[in-house]
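The file final11.tsv contains TSV, C-alpha atoms:
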```
chain	number	residue	atom	x	y	z
A	1	MET	CA	0.00	0.00	0.00
A	2	ILE	CA	2.89	2.37	-0.65
A	3	ALA	CA	2.48	5.69	-2.44
A	4	LYS	CA	2.10	5.46	-6.22
A	5	LYS	CA	5.11	7.71	-6.75
A	6	MET	CA	7.22	5.42	-4.56
A	7	VAL	CA	6.24	2.38	-6.65
A	8	LYS	CA	8.09	3.95	-9.59
A	9	TYR	CA	11.07	4.80	-7.41
A	10	VAL	CA	11.29	1.25	-6.09
A	11	GLU	CA	11.04	-0.22	-9.59
A	12	GLY	CA	13.77	2.10	-10.83
A	13	SER	CA	15.98	1.72	-7.77
A	14	SER	CA	19.66	2.47	-8.36
A	15	VAL	CA	21.37	-0.08	-10.60
A	16	THR	CA	24.70	1.03	-9.11
A	17	ARG	CA	23.56	0.14	-5.61
A	18	ALA	CA	22.13	-3.15	-6.86
A	19	MET	CA	25.48	-4.05	-8.42
A	20	PHE	CA	27.22	-3.17	-5.16
A	21	GLU	CA	24.93	-5.52	-3.22
A	22	GLU	CA	25.46	-8.21	-5.87
A	23	GLY	CA	29.19	-7.80	-5.39
A	24	LYS	CA	28.89	-8.60	-1.69
A	25	LYS	CA	26.98	-11.80	-2.48
A	26	MET	CA	29.53	-12.82	-5.10
A	27	ALA	CA	32.40	-12.14	-2.70
A	28	ALA	CA	30.84	-14.51	-0.18
A	29	LYS	CA	30.45	-17.15	-2.89
A	30	TYR	CA	33.75	-16.87	-4.76
A	31	GLY	CA	36.00	-15.12	-2.24
A	32	ALA	CA	36.50	-11.36	-2.09
A	33	GLU	CA	39.88	-11.62	-3.82
A	34	ASN	CA	38.22	-13.21	-6.86
A	35	VAL	CA	35.49	-10.60	-7.39
A	36	TYR	CA	36.28	-7.29	-9.11
A	37	ASP	CA	33.73	-4.71	-8.01
A	38	PHE	CA	33.94	-1.45	-9.97
A	39	SER	CA	30.35	-0.43	-9.32
A	40	LEU	CA	30.20	2.15	-6.54
A	41	GLY	CA	31.99	5.50	-6.36
A	42	ASN	CA	33.12	4.87	-2.79
A	43	PRO	CA	36.50	6.58	-2.17
A	44	SER	CA	39.35	4.15	-1.54
A	45	VAL	CA	41.74	6.86	-0.33
A	46	GLU	CA	41.55	7.39	3.42
A	47	PRO	CA	40.50	10.81	4.77
A	48	PRO	CA	43.39	13.12	5.64
A	49	VAL	CA	44.57	12.57	9.22
A	50	ALA	CA	43.66	16.20	9.85
A	51	VAL	CA	39.97	15.21	9.78
A	52	LYS	CA	40.40	12.78	12.67
A	53	ASN	CA	42.51	15.32	14.56
A	54	ALA	CA	39.88	18.02	14.03
A	55	ILE	CA	37.09	15.79	15.33
A	56	CYS	CA	39.10	14.82	18.41
A	57	GLU	CA	40.03	18.42	19.12
A	58	ILE	CA	36.43	19.59	18.81
A	59	LEU	CA	35.13	16.86	21.11
A	60	GLU	CA	37.84	17.55	23.70
A	61	LYS	CA	37.77	21.34	23.73
A	62	GLU	CA	34.29	22.52	22.72
A	63	ALA	CA	31.18	22.52	24.92
A	64	PRO	CA	29.11	19.39	24.15
A	65	CYS	CA	25.83	21.30	23.91
A	66	TYR	CA	27.43	23.55	21.29
A	67	VAL	CA	28.95	20.69	19.30
A	68	HIS	CA	25.82	18.54	19.29
A	69	GLY	CA	23.12	21.19	19.41
A	70	TYR	CA	20.90	23.00	16.95
A	71	MET	CA	22.07	26.06	15.10
A	72	ASN	CA	20.78	28.30	12.32
A	73	ASN	CA	19.24	26.14	9.57
A	74	SER	CA	21.99	27.39	7.26
A	75	GLY	CA	24.67	26.09	9.61
A	76	TYR	CA	27.18	27.57	12.05
A	77	GLU	CA	28.02	31.15	11.14
A	78	THR	CA	31.74	30.58	11.79
A	79	VAL	CA	31.78	27.56	9.47
A	80	ARG	CA	29.99	29.39	6.67
A	81	SER	CA	32.32	32.38	6.99
A	82	ALA	CA	35.37	30.12	6.82
A	83	ILE	CA	34.09	28.33	3.70
A	84	ALA	CA	33.24	31.64	2.00
A	85	ALA	CA	36.72	32.99	2.73
A	86	SER	CA	38.32	29.80	1.39
A	87	LEU	CA	36.33	30.00	-1.85
A	88	ASN	CA	37.20	33.68	-2.27
A	89	LYS	CA	40.89	32.89	-1.85
A	90	ARG	CA	40.79	30.03	-4.33
A	91	PHE	CA	38.52	31.43	-7.03
A	92	GLY	CA	38.61	35.20	-6.69
A	93	THR	CA	34.94	35.36	-5.67
A	94	SER	CA	33.36	37.66	-3.08
A	95	PHE	CA	31.07	35.41	-1.04
A	96	GLY	CA	30.10	36.01	2.55
A	97	GLU	CA	28.55	33.95	5.30
A	98	GLN	CA	25.08	34.80	3.90
A	99	ASN	CA	25.89	32.96	0.64
A	100	ILE	CA	26.67	29.58	2.21
A	101	LEU	CA	24.10	27.01	3.34
A	102	MET	CA	25.46	23.83	4.92
A	103	THR	CA	23.75	20.70	3.59
A	104	VAL	CA	23.48	16.96	4.06
A	105	GLY	CA	25.93	16.24	1.25
A	106	ALA	CA	25.52	17.35	-2.35
A	107	ALA	CA	22.41	15.17	-2.75
A	108	GLY	CA	20.71	16.93	0.14
A	109	GLY	CA	21.79	20.26	-1.32
A	110	LEU	CA	20.35	19.50	-4.75
A	111	ASN	CA	17.03	18.50	-3.21
A	112	VAL	CA	17.00	21.75	-1.23
A	113	VAL	CA	17.62	23.77	-4.40
A	114	LEU	CA	14.96	21.95	-6.40
A	115	LYS	CA	12.44	22.23	-3.54
A	116	THR	CA	13.22	25.95	-3.45
A	117	LEU	CA	12.83	26.57	-7.19
A	118	LEU	CA	10.40	24.12	-8.78
A	119	ASP	CA	6.67	24.38	-9.33
A	120	PRO	CA	4.89	21.34	-10.79
A	121	GLU	CA	5.77	20.81	-14.48
A	122	ASP	CA	8.72	23.19	-14.37
A	123	GLU	CA	11.52	21.82	-16.55
A	124	VAL	CA	15.06	20.94	-15.54
A	125	ILE	CA	17.68	20.28	-18.23
A	126	ALA	CA	20.53	17.81	-17.79
A	127	PHE	CA	23.24	16.61	-20.18
A	128	ALA	CA	23.44	12.88	-20.82
A	129	PRO	CA	25.19	10.95	-19.54
A	130	TYR	CA	24.42	12.13	-16.03
A	131	PHE	CA	23.94	10.77	-12.50
A	132	GLY	CA	20.62	8.95	-12.69
A	133	GLU	CA	19.38	10.12	-9.30
A	134	TYR	CA	18.82	13.57	-10.84
A	135	ASN	CA	15.66	12.12	-12.36
A	136	ASN	CA	14.38	11.19	-8.91
A	137	TYR	CA	15.36	14.48	-7.35
A	138	VAL	CA	13.42	16.42	-10.00
A	139	ALA	CA	10.45	14.04	-9.73
A	140	ASN	CA	10.41	14.59	-5.95
A	141	PHE	CA	9.04	18.07	-6.63
A	142	ASP	CA	6.89	17.21	-9.68
A	143	GLY	CA	9.31	18.78	-12.13
A	144	LYS	CA	9.99	17.49	-15.62
A	145	MET	CA	13.46	16.32	-16.67
A	146	VAL	CA	14.56	17.38	-20.16
A	147	VAL	CA	17.59	15.52	-21.52
A	148	VAL	CA	20.22	16.85	-23.91
A	149	SER	CA	21.58	13.94	-25.95
A	150	PRO	CA	25.08	12.51	-25.40
A	151	ASN	CA	27.79	14.07	-27.56
A	152	PRO	CA	30.49	11.46	-28.23
A	153	PRO	CA	33.40	11.19	-28.52
A	154	THR	CA	34.21	14.30	-26.42
A	155	PHE	CA	31.02	14.24	-24.31
A	156	GLN	CA	31.18	18.01	-24.02
A	157	PRO	CA	27.61	19.42	-23.85
A	158	ASP	CA	25.96	19.94	-27.24
A	159	VAL	CA	25.24	23.66	-26.92
A	160	ALA	CA	23.08	23.84	-30.05
A	161	GLU	CA	20.77	21.07	-28.84
A	162	PHE	CA	20.80	22.63	-25.37
A	163	GLU	CA	19.49	25.89	-26.78
A	164	SER	CA	16.74	24.08	-28.67
A	165	LYS	CA	15.57	22.37	-25.46
A	166	ILE	CA	15.07	25.58	-23.45
A	167	THR	CA	11.43	26.69	-23.16
A	168	PRO	CA	9.48	29.21	-21.08
A	169	LYS	CA	9.04	26.37	-18.54
A	170	THR	CA	12.80	25.87	-18.08
A	171	LYS	CA	13.60	26.68	-14.45
A	172	ALA	CA	16.98	25.06	-13.97
A	173	VAL	CA	19.95	23.43	-15.71
A	174	ILE	CA	22.14	20.87	-13.92
A	175	VAL	CA	25.84	20.65	-14.76
A	176	ASN	CA	28.07	18.04	-13.11
A	177	ASN	CA	31.72	19.00	-13.58
A	178	PRO	CA	33.95	16.95	-13.53
A	179	ASN	CA	31.33	14.60	-14.86
A	180	ASN	CA	30.01	11.39	-13.38
A	181	PRO	CA	30.10	8.99	-15.26
A	182	THR	CA	32.49	10.06	-18.06
A	183	GLY	CA	35.27	11.79	-16.11
A	184	VAL	CA	35.09	14.60	-18.70
A	185	VAL	CA	35.76	18.17	-17.56
A	186	TYR	CA	33.55	20.73	-19.31
A	187	ARG	CA	35.76	23.36	-20.92
A	188	GLU	CA	35.65	27.08	-20.22
A	189	GLU	CA	34.57	27.81	-23.80
A	190	THR	CA	31.68	25.36	-23.40
A	191	ILE	CA	30.59	27.02	-20.16
A	192	ARG	CA	30.79	30.47	-21.74
A	193	ALA	CA	28.68	29.33	-24.69
A	194	MET	CA	26.06	27.83	-22.35
A	195	ALA	CA	25.98	31.02	-20.29
A	196	GLU	CA	25.39	33.11	-23.40
A	197	VAL	CA	22.50	30.86	-24.41
A	198	MET	CA	20.87	31.08	-20.97
A	199	GLU	CA	21.29	34.85	-20.80
A	200	ARG	CA	19.65	35.19	-24.19
A	201	LYS	CA	16.79	32.87	-23.31
A	202	GLN	CA	16.12	34.62	-20.01
A	203	LYS	CA	15.68	37.89	-21.89
A	204	GLU	CA	13.57	36.25	-24.61
A	205	TYR	CA	11.16	34.62	-22.16
A	206	GLY	CA	11.35	37.10	-19.28
A	207	THR	CA	12.17	34.28	-16.88
A	208	ALA	CA	14.96	33.24	-14.53
A	209	ILE	CA	16.95	30.13	-15.49
A	210	TYR	CA	19.14	28.85	-12.66
A	211	LEU	CA	22.33	26.94	-13.38
A	212	ILE	CA	22.89	24.29	-10.69
A	213	ALA	CA	26.54	23.26	-10.54
A	214	ASP	CA	26.91	19.83	-8.90
A	215	GLU	CA	30.60	19.68	-7.89
A	216	PRO	CA	31.51	16.78	-5.58
A	217	TYR	CA	34.46	15.88	-7.85
A	218	ARG	CA	35.90	19.39	-8.22
A	219	GLU	CA	39.25	18.55	-6.60
A	220	LEU	CA	39.71	15.33	-8.57
A	221	ALA	CA	41.30	16.61	-11.79
A	222	TYR	CA	44.37	15.30	-13.61
A	223	ASP	CA	47.09	16.42	-16.01
A	224	GLY	CA	46.85	20.05	-14.93
A	225	VAL	CA	43.26	20.41	-16.17
A	226	THR	CA	41.39	23.40	-14.70
A	227	VAL	CA	37.76	23.02	-13.63
A	228	PRO	CA	35.91	26.32	-14.26
A	229	TYR	CA	34.13	27.86	-11.24
A	230	LEU	CA	30.72	28.55	-12.71
A	231	THR	CA	29.56	31.55	-10.66
A	232	LYS	CA	32.19	33.57	-12.55
A	233	TYR	CA	30.48	32.95	-15.89
A	234	TYR	CA	26.75	33.20	-15.13
A	235	ASP	CA	25.06	35.23	-12.40
A	236	ASN	CA	22.18	32.82	-11.83
A	237	THR	CA	24.45	29.99	-10.69
A	238	ILE	CA	23.95	27.95	-7.51
A	239	VAL	CA	26.78	25.59	-6.53
A	240	GLY	CA	26.27	22.31	-4.69
A	241	TYR	CA	29.37	20.81	-3.10
A	242	SER	CA	30.19	17.76	-1.00
A	243	TYR	CA	33.22	16.67	1.02
A	244	SER	CA	32.44	13.04	0.14
A	245	LYS	CA	35.21	12.85	-2.45
A	246	SER	CA	37.56	15.71	-1.60
A	247	LEU	CA	37.98	14.51	2.01
A	248	SER	CA	36.79	10.90	1.50
A	249	LEU	CA	33.79	11.37	3.80
A	250	PRO	CA	30.82	9.99	1.81
A	251	GLY	CA	29.08	8.46	4.81
A	252	GLU	CA	29.26	11.64	6.88
A	253	ARG	CA	26.87	13.48	4.53
A	254	ILE	CA	28.36	16.94	4.70
A	255	GLY	CA	28.42	19.60	2.01
A	256	TYR	CA	27.13	23.07	1.23
A	257	LEU	CA	25.31	25.27	-1.25
A	258	VAL	CA	26.67	28.54	-2.58
A	259	ILE	CA	23.87	30.97	-3.43
A	260	PRO	CA	25.53	34.20	-4.65
A	261	ASP	CA	24.06	37.64	-4.05
A	262	GLU	CA	23.77	38.01	-7.85
A	263	VAL	CA	21.12	35.30	-8.35
A	264	ASP	CA	17.67	36.53	-9.28
A	265	ASP	CA	15.48	37.17	-6.23
A	266	PHE	CA	18.38	36.36	-3.88
A	267	GLU	CA	16.65	37.25	-0.62
A	268	ASN	CA	13.66	35.04	-1.30
A	269	VAL	CA	15.79	32.22	-2.71
A	270	ILE	CA	18.07	32.04	0.34
A	271	CYS	CA	15.13	32.28	2.74
A	272	ALA	CA	13.25	29.54	0.86
A	273	ALA	CA	16.36	27.34	0.79
A	274	ASN	CA	16.65	27.66	4.57
A	275	VAL	CA	13.02	26.64	4.96
A	276	ALA	CA	13.46	23.78	2.47
A	277	ASN	CA	16.48	22.54	4.44
A	278	ARG	CA	14.24	22.34	7.52
A	279	ILE	CA	11.01	20.97	6.11
A	280	LEU	CA	12.68	18.29	3.97
A	281	GLY	CA	13.64	16.80	7.33
A	282	PHE	CA	17.34	17.67	7.32
A	283	VAL	CA	16.76	20.60	9.74
A	284	ASN	CA	20.49	21.32	9.56
A	285	ALA	CA	23.64	19.62	8.33
A	286	PRO	CA	25.45	17.33	10.83
A	287	SER	CA	26.86	19.65	13.50
A	288	LEU	CA	30.09	17.84	14.36
A	289	MET	CA	31.05	17.45	10.70
A	290	GLN	CA	30.35	21.12	9.99
A	291	LEU	CA	32.88	22.09	12.65
A	292	ALA	CA	35.36	19.44	11.49
A	293	VAL	CA	35.44	20.37	7.80
A	294	ALA	CA	35.88	24.04	8.69
A	295	LYS	CA	39.23	23.06	10.21
A	296	CYS	CA	40.25	21.12	7.09
A	297	LEU	CA	39.65	23.58	4.28
A	298	GLU	CA	43.28	23.47	3.21
A	299	GLU	CA	43.43	19.68	3.16
A	300	GLN	CA	43.52	17.74	-0.11
A	301	THR	CA	42.76	14.19	-1.11
A	302	ASP	CA	45.52	12.02	-2.55
A	303	VAL	CA	44.68	12.55	-6.22
A	304	ALA	CA	47.93	10.80	-7.17
A	305	ALA	CA	46.53	7.49	-5.92
A	306	TYR	CA	43.47	7.80	-8.16
A	307	ASP	CA	45.69	8.93	-11.03
A	308	THR	CA	47.77	5.75	-10.70
A	309	ASN	CA	44.61	3.65	-10.93
A	310	ARG	CA	43.34	5.73	-13.84
A	311	LYS	CA	46.48	5.20	-15.89
A	312	MET	CA	46.73	1.51	-15.06
A	313	LEU	CA	43.17	0.76	-16.20
A	314	LEU	CA	43.20	3.16	-19.15
A	315	ASP	CA	46.41	1.71	-20.57
A	316	ALA	CA	45.38	-1.91	-20.07
A	317	LEU	CA	41.84	-1.61	-21.41
A	318	THR	CA	43.05	0.33	-24.46
A	319	GLU	CA	45.60	-2.41	-25.12
A	320	TYR	CA	42.86	-5.05	-24.90
A	321	GLY	CA	40.81	-3.26	-27.56
A	322	TYR	CA	38.28	-1.33	-25.50
A	323	GLU	CA	37.20	2.13	-26.63
A	324	VAL	CA	37.68	4.34	-23.57
A	325	VAL	CA	37.01	8.04	-22.95
A	326	LYS	CA	40.14	9.40	-21.29
A	327	PRO	CA	38.99	10.85	-17.95
A	328	GLU	CA	40.28	14.28	-16.93
A	329	GLY	CA	38.54	14.26	-13.56
A	330	ALA	CA	36.50	12.26	-11.03
A	331	PHE	CA	37.37	8.55	-10.67
A	332	TYR	CA	35.46	6.79	-13.42
A	333	LEU	CA	36.27	5.25	-16.81
A	334	TRP	CA	33.58	5.50	-19.46
A	335	VAL	CA	33.92	2.52	-21.79
A	336	LYS	CA	32.05	1.69	-24.98
A	337	THR	CA	30.51	-1.76	-24.82
A	338	MET	CA	31.53	-4.41	-27.33
A	339	GLU	CA	27.91	-5.05	-28.20
A	340	GLU	CA	24.98	-2.69	-28.62
A	341	ASP	CA	23.10	-3.93	-25.56
A	342	ASP	CA	24.98	-2.58	-22.54
A	343	MET	CA	22.90	-4.69	-20.14
A	344	ALA	CA	23.96	-7.83	-22.00
A	345	PHE	CA	27.59	-6.67	-21.83
A	346	VAL	CA	27.27	-6.14	-18.06
A	347	ALA	CA	25.79	-9.63	-17.70
A	348	ARG	CA	28.68	-11.14	-19.65
A	349	ALA	CA	31.18	-9.18	-17.55
A	350	LYS	CA	29.68	-10.79	-14.44
A	351	GLU	CA	30.62	-14.19	-15.88
A	352	TYR	CA	34.21	-13.04	-15.34
A	353	ASN	CA	33.36	-11.67	-11.87
A	354	LEU	CA	33.59	-8.11	-13.16
A	355	LEU	CA	30.98	-5.71	-11.79
A	356	VAL	CA	30.46	-2.54	-13.86
A	357	VAL	CA	27.46	-0.23	-14.24
A	358	PRO	CA	25.48	-0.01	-17.51
A	359	GLY	CA	25.43	3.31	-19.33
A	360	SER	CA	21.65	3.16	-19.62
A	361	SER	CA	21.59	3.98	-15.88
A	362	PHE	CA	23.10	7.31	-16.91
A	363	MET	CA	20.74	7.83	-19.87
A	364	CYS	CA	23.45	6.76	-22.32
A	365	PRO	CA	23.17	3.12	-23.42
A	366	GLY	CA	26.06	1.44	-25.19
A	367	TYR	CA	28.61	2.25	-22.50
A	368	VAL	CA	29.58	1.13	-19.01
A	369	ARG	CA	31.02	3.01	-16.07
A	370	ILE	CA	34.03	1.59	-14.23
A	371	ALA	CA	34.75	3.18	-10.84
A	372	TYR	CA	38.51	3.05	-10.28
A	373	CYS	CA	38.39	4.38	-6.70
A	374	VAL	CA	39.46	0.92	-5.56
A	375	ASP	CA	42.49	-0.93	-4.21
A	376	PRO	CA	45.15	-0.91	-6.97
A	377	GLU	CA	45.86	-4.57	-6.19
A	378	MET	CA	42.28	-5.39	-7.17
A	379	ILE	CA	42.81	-3.62	-10.47
A	380	LYS	CA	45.92	-5.72	-11.12
A	381	ARG	CA	44.04	-8.93	-10.29
A	382	SER	CA	41.14	-7.89	-12.54
A	383	LEU	CA	43.16	-7.25	-15.70
A	384	PRO	CA	43.16	-10.89	-16.94
A	385	ALA	CA	39.36	-10.90	-16.53
A	386	PHE	CA	39.02	-7.73	-18.61
A	387	GLU	CA	41.26	-9.25	-21.26
A	388	LYS	CA	39.22	-12.47	-21.36
A	389	LEU	CA	36.00	-10.46	-21.61
A	390	ALA	CA	37.37	-8.58	-24.62
A	391	GLN	CA	38.57	-11.81	-26.21
A	392	SER	CA	35.08	-13.30	-25.84
A	393	TYR	CA	33.86	-10.75	-28.42
A	394	GLN	CA	36.54	-11.54	-31.00
```

Let me see the file written as structure tokens.
Amino acid sequence: MIAKKMVKYVEGSSVTRAMFEEGKKMAAKYGAENVYDFSLGNPSVEPPVAVKNAICEILEKEAPCYVHGYMNNSGYETVRSAIAASLNKRFGTSFGEQNILMTVGAAGGLNVVLKTLLDPEDEVIAFAPYFGEYNNYVANFDGKMVVVSPNPPTFQPDVAEFESKITPKTKAVIVNNPNNPTGVVYREETIRAMAEVMERKQKEYGTAIYLIADEPYRELAYDGVTVPYLTKYYDNTIVGYSYSKSLSLPGERIGYLVIPDEVDDFENVICAANVANRILGFVNAPSLMQLAVAKCLEEQTDVAAYDTNRKMLLDALTEYGYEVVKPEGAFYLWVKTMEEDDMAFVARAKEYNLLVVPGSSFMCPGYVRIAYCVDPEMIKRSLPAFEKLAQSYQ
């Protein structure tokens, strides 16, 4: 007797999570060392030791009722001020405490933004391939997802098609950069072109179109590639960030929104976001983790470890005959399947104890995602299986 909307959610439950659970069953059956699980983007690099030290220091020195108590729905003022100052130093922005709202990870932040902005049937544009949960987040608030087609081989957004998909009902555009699942970093010239289109369409329709930048992978970039900070290119930008990847804290559910003064109707948007944070049931972001991350703003994840995995898999799979998009960020390989049906390819991969996620989960069939945020020894053990899988198609 569950809600009709939830029936659809249950039926379309995350394939990635299902593969992860399947991996645990296979590990029990075949031995963990003989199963190669590349399904879930769960960081394999440990958090910086500074995170543990910060937590210990806070618990030892701060008053318990302060550490574990309620605060402003936006979060501790000192934390928000520290994050704003850090962003200003890094990106040449001019944010203040009032522009930061602490959230329950990036997912919580995106739901807060969409709750704040969407009326029923409002449209949200996303660029395939994209994180499939966006569909559910938009549906949560009775919005309509509009998909811009994949643009291989670069997988940069197709700006011409993007412009054709904007209508008077377009309320928001979601950009995930670096991108999950491709690892592609959207170029500055692409961002500028998109901004020009949105500016033009806002004037044409007399509406506000908000660009939602989903940035949990911002710090994971390779080969000197720069990830553009989107508030510098388009005034109506709202940034969602998470420390899940940058500090390897996915289970702690801590992140923030940046809502710049320049966004249309700023005062109402920030007030509504605060209310959304409360009434969605979050109330506020986890208090201890807010205080901890504020002490770790200069810390960095060990990108070199992910880079080693990236190169190892990229080189080997290319040698075996796979067509792979070279990732510039995040920790995923985007691989073209050796048959048209990506679900069939995933099923065949399982015969070799390889767990990968079908591209159709990201609205882009014909590919699979391989998460290389894993133990490098597992990658080495998996290479013969990848080679045998490729040979099975010859």

Study note, to complete from the structure: A straight line from atom CA of Asn111 of chain A to atom CA of Val138 of chain A spans 8.0 Å

Point to revise | Which residue of A:Tyr243, A:Tyr229, A:Tyr306, A:Trp334 approaches Val374 of chain A most closely, using only C-alpha atoms | key: A:Tyr306

Produce the centre coordinates and the three edge lengths, each in Å to one decimal, of the box along x, y and z that contains all listed atoms of segment 371-381 of chain A with 4 Å added on each side, as AutoDock Vina command-line options.
```
--center_x 40.3 --center_y -2.3 --center_z -7.7 --size_x 19.2 --size_y 21.3 --size_z 14.9
```

Exercise for review: May I ask which of the residues A:Leu313, A:Leu288, A:Val10, A:Leu355 is the closest one to Glu62 of chain A, counting only C-alpha atoms?
Suggested key: A:Leu288

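Considering all atoms listed in the file, the residue among A:Leu117, A:Ala390, A:Ala32, A:Val269 positioned nearest to Thr318 of chain A is A:Ala390.
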
Review point. Using only C-alpha atoms, which residues sit within 12 Å of Glu123 of chain A once same-chain residues fewer than 5 positions away are excluded, as a PyMOL selection string?
Key: chain A and resi 114+117-118+135+138-139+141-147+165-174+209-210

Exercise for review: Tell me which of A:Asn179, A:Gln98, A:Thr78, A:Ser86 sits closest to Ala128 of chain A, counting all atoms listed in the file.
Suggested key: A:Asn179

Review point. To one decimal place, how far is atom CA of Met289 of chain A from atom CA of Tyr222 of chain A in Å?
Key: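 Going from atom CA of Met289 of chain A over to atom CA of Tyr222 of chain A covers 27.8 Å.
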
Exercise for review: Check the smallest atom-to-atom distance from each of A:Leu280, A:Leu247, A:Leu314, A:Val346 to Pro216 of chain A using all atoms listed in the file, then report the winner.
Suggested key: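 So, comparing all the options, the nearest one is A:Leu247.
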
**Study point:** Shell around Pro129 of chain A at 8 Å using all atoms listed in the file, local window under 2 positions removed, as a PyMOL selection string
**Key:** chain A and resi 127+131+149-150+180-182+359+362-364

**Study point:** Of the listed residues A:Ser242, A:Asn353, A:Thr226, A:Ala385, that which approaches Phe91 of chain A most closely, counting all atoms listed in the file
**Key:**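 The answer is A:Thr226, which sits nearest to Phe91 of chain A.
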
Check your understanding: For the atom pair atom CA of Glu33 of chain A and atom CA of Met378 of chain A, what is the interatomic distance in Å to one decimal place?
Key ->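 Those two atoms sit 7.5 Å apart.
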
Exercise for review: Would you be able to write out as an MDAnalysis selection string which residues have an atom within 10 Å of (16.2, 23.1, 2.5) in the file's coordinates, counting only C-alpha atoms?
Suggested key: chainID A and resid 73:74 101:104 108:116 270:284

Review point. Can you tell me, as a PyMOL selection string, what residues are no more than 10 Å from Val258 of chain A when counting all atoms listed in the file, ignoring any on the same chain fewer than 3 positions away?
Key: chain A and resi 80+83-84+87+95-102+109+212-213+231+237-241+261+270

Could those selected residues go to a file with C-alpha atoms, as a PDB file, keeping the file's coordinate frame?
```
ATOM      1  CA  ARG A  80      29.990  29.390   6.670  1.00  0.00           C
ATOM      2  CA  ILE A  83      34.090  28.330   3.700  1.00  0.00           C
ATOM      3  CA  ALA A  84      33.240  31.640   2.000  1.00  0.00           C
ATOM      4  CA  LEU A  87      36.330  30.000  -1.850  1.00  0.00           C
ATOM      5  CA  PHE A  95      31.070  35.410  -1.040  1.00  0.00           C
ATOM      6  CA  GLY A  96      30.100  36.010   2.550  1.00  0.00           C
ATOM      7  CA  GLU A  97      28.550  33.950   5.300  1.00  0.00           C
ATOM      8  CA  GLN A  98      25.080  34.800   3.900  1.00  0.00           C
ATOM      9  CA  ASN A  99      25.890  32.960   0.640  1.00  0.00           C
ATOM     10  CA  ILE A 100      26.670  29.580   2.210  1.00  0.00           C
ATOM     11  CA  LEU A 101      24.100  27.010   3.340  1.00  0.00           C
ATOM     12  CA  MET A 102      25.460  23.830   4.920  1.00  0.00           C
ATOM     13  CA  GLY A 109      21.790  20.260  -1.320  1.00  0.00           C
ATOM     14  CA  ILE A 212      22.890  24.290 -10.690  1.00  0.00           C
ATOM     15  CA  ALA A 213      26.540  23.260 -10.540  1.00  0.00           C
ATOM     16  CA  THR A 231      29.560  31.550 -10.660  1.00  0.00           C
ATOM     17  CA  THR A 237      24.450  29.990 -10.690  1.00  0.00           C
ATOM     18  CA  ILE A 238      23.950  27.950  -7.510  1.00  0.00           C
ATOM     19  CA  VAL A 239      26.780  25.590  -6.530  1.00  0.00           C
ATOM     20  CA  GLY A 240      26.270  22.310  -4.690  1.00  0.00           C
ATOM     21  CA  TYR A 241      29.370  20.810  -3.100  1.00  0.00           C
ATOM     22  CA  ASP A 261      24.060  37.640  -4.050  1.00  0.00           C
ATOM     23  CA  ILE A 270      18.070  32.040   0.340  1.00  0.00           C
TER      24      ILE A 270
END
```

Practice item. List the neighbours of Met312 of chain A out to 12 Å using all atoms listed in the file; skip same-chain residues closer than 3 positions along the sequence, and give me the result as a PyMOL selection string. Key: chain A and resi 305-309+315-319+333+372+374-383

Exercise for review: Find the residues with any atom within 7 Å of (38.0, 14.8, -3.4); use only C-alpha atoms and the coordinates as given in the file, and write the answer as an NGL selection string.
Suggested key: :A and (217-220 or 243-248 or 301)

Practice item. Considering only C-alpha atoms, return as a list in words whatever protein or nucleic-acid residues lie within 7 Å of His68 of chain A, sequence-local ones (same chain, fewer than 2 positions apart) excluded. Key: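 That gives Pro64, Cys65, Tyr66, Ser287 and Leu288 of chain A.
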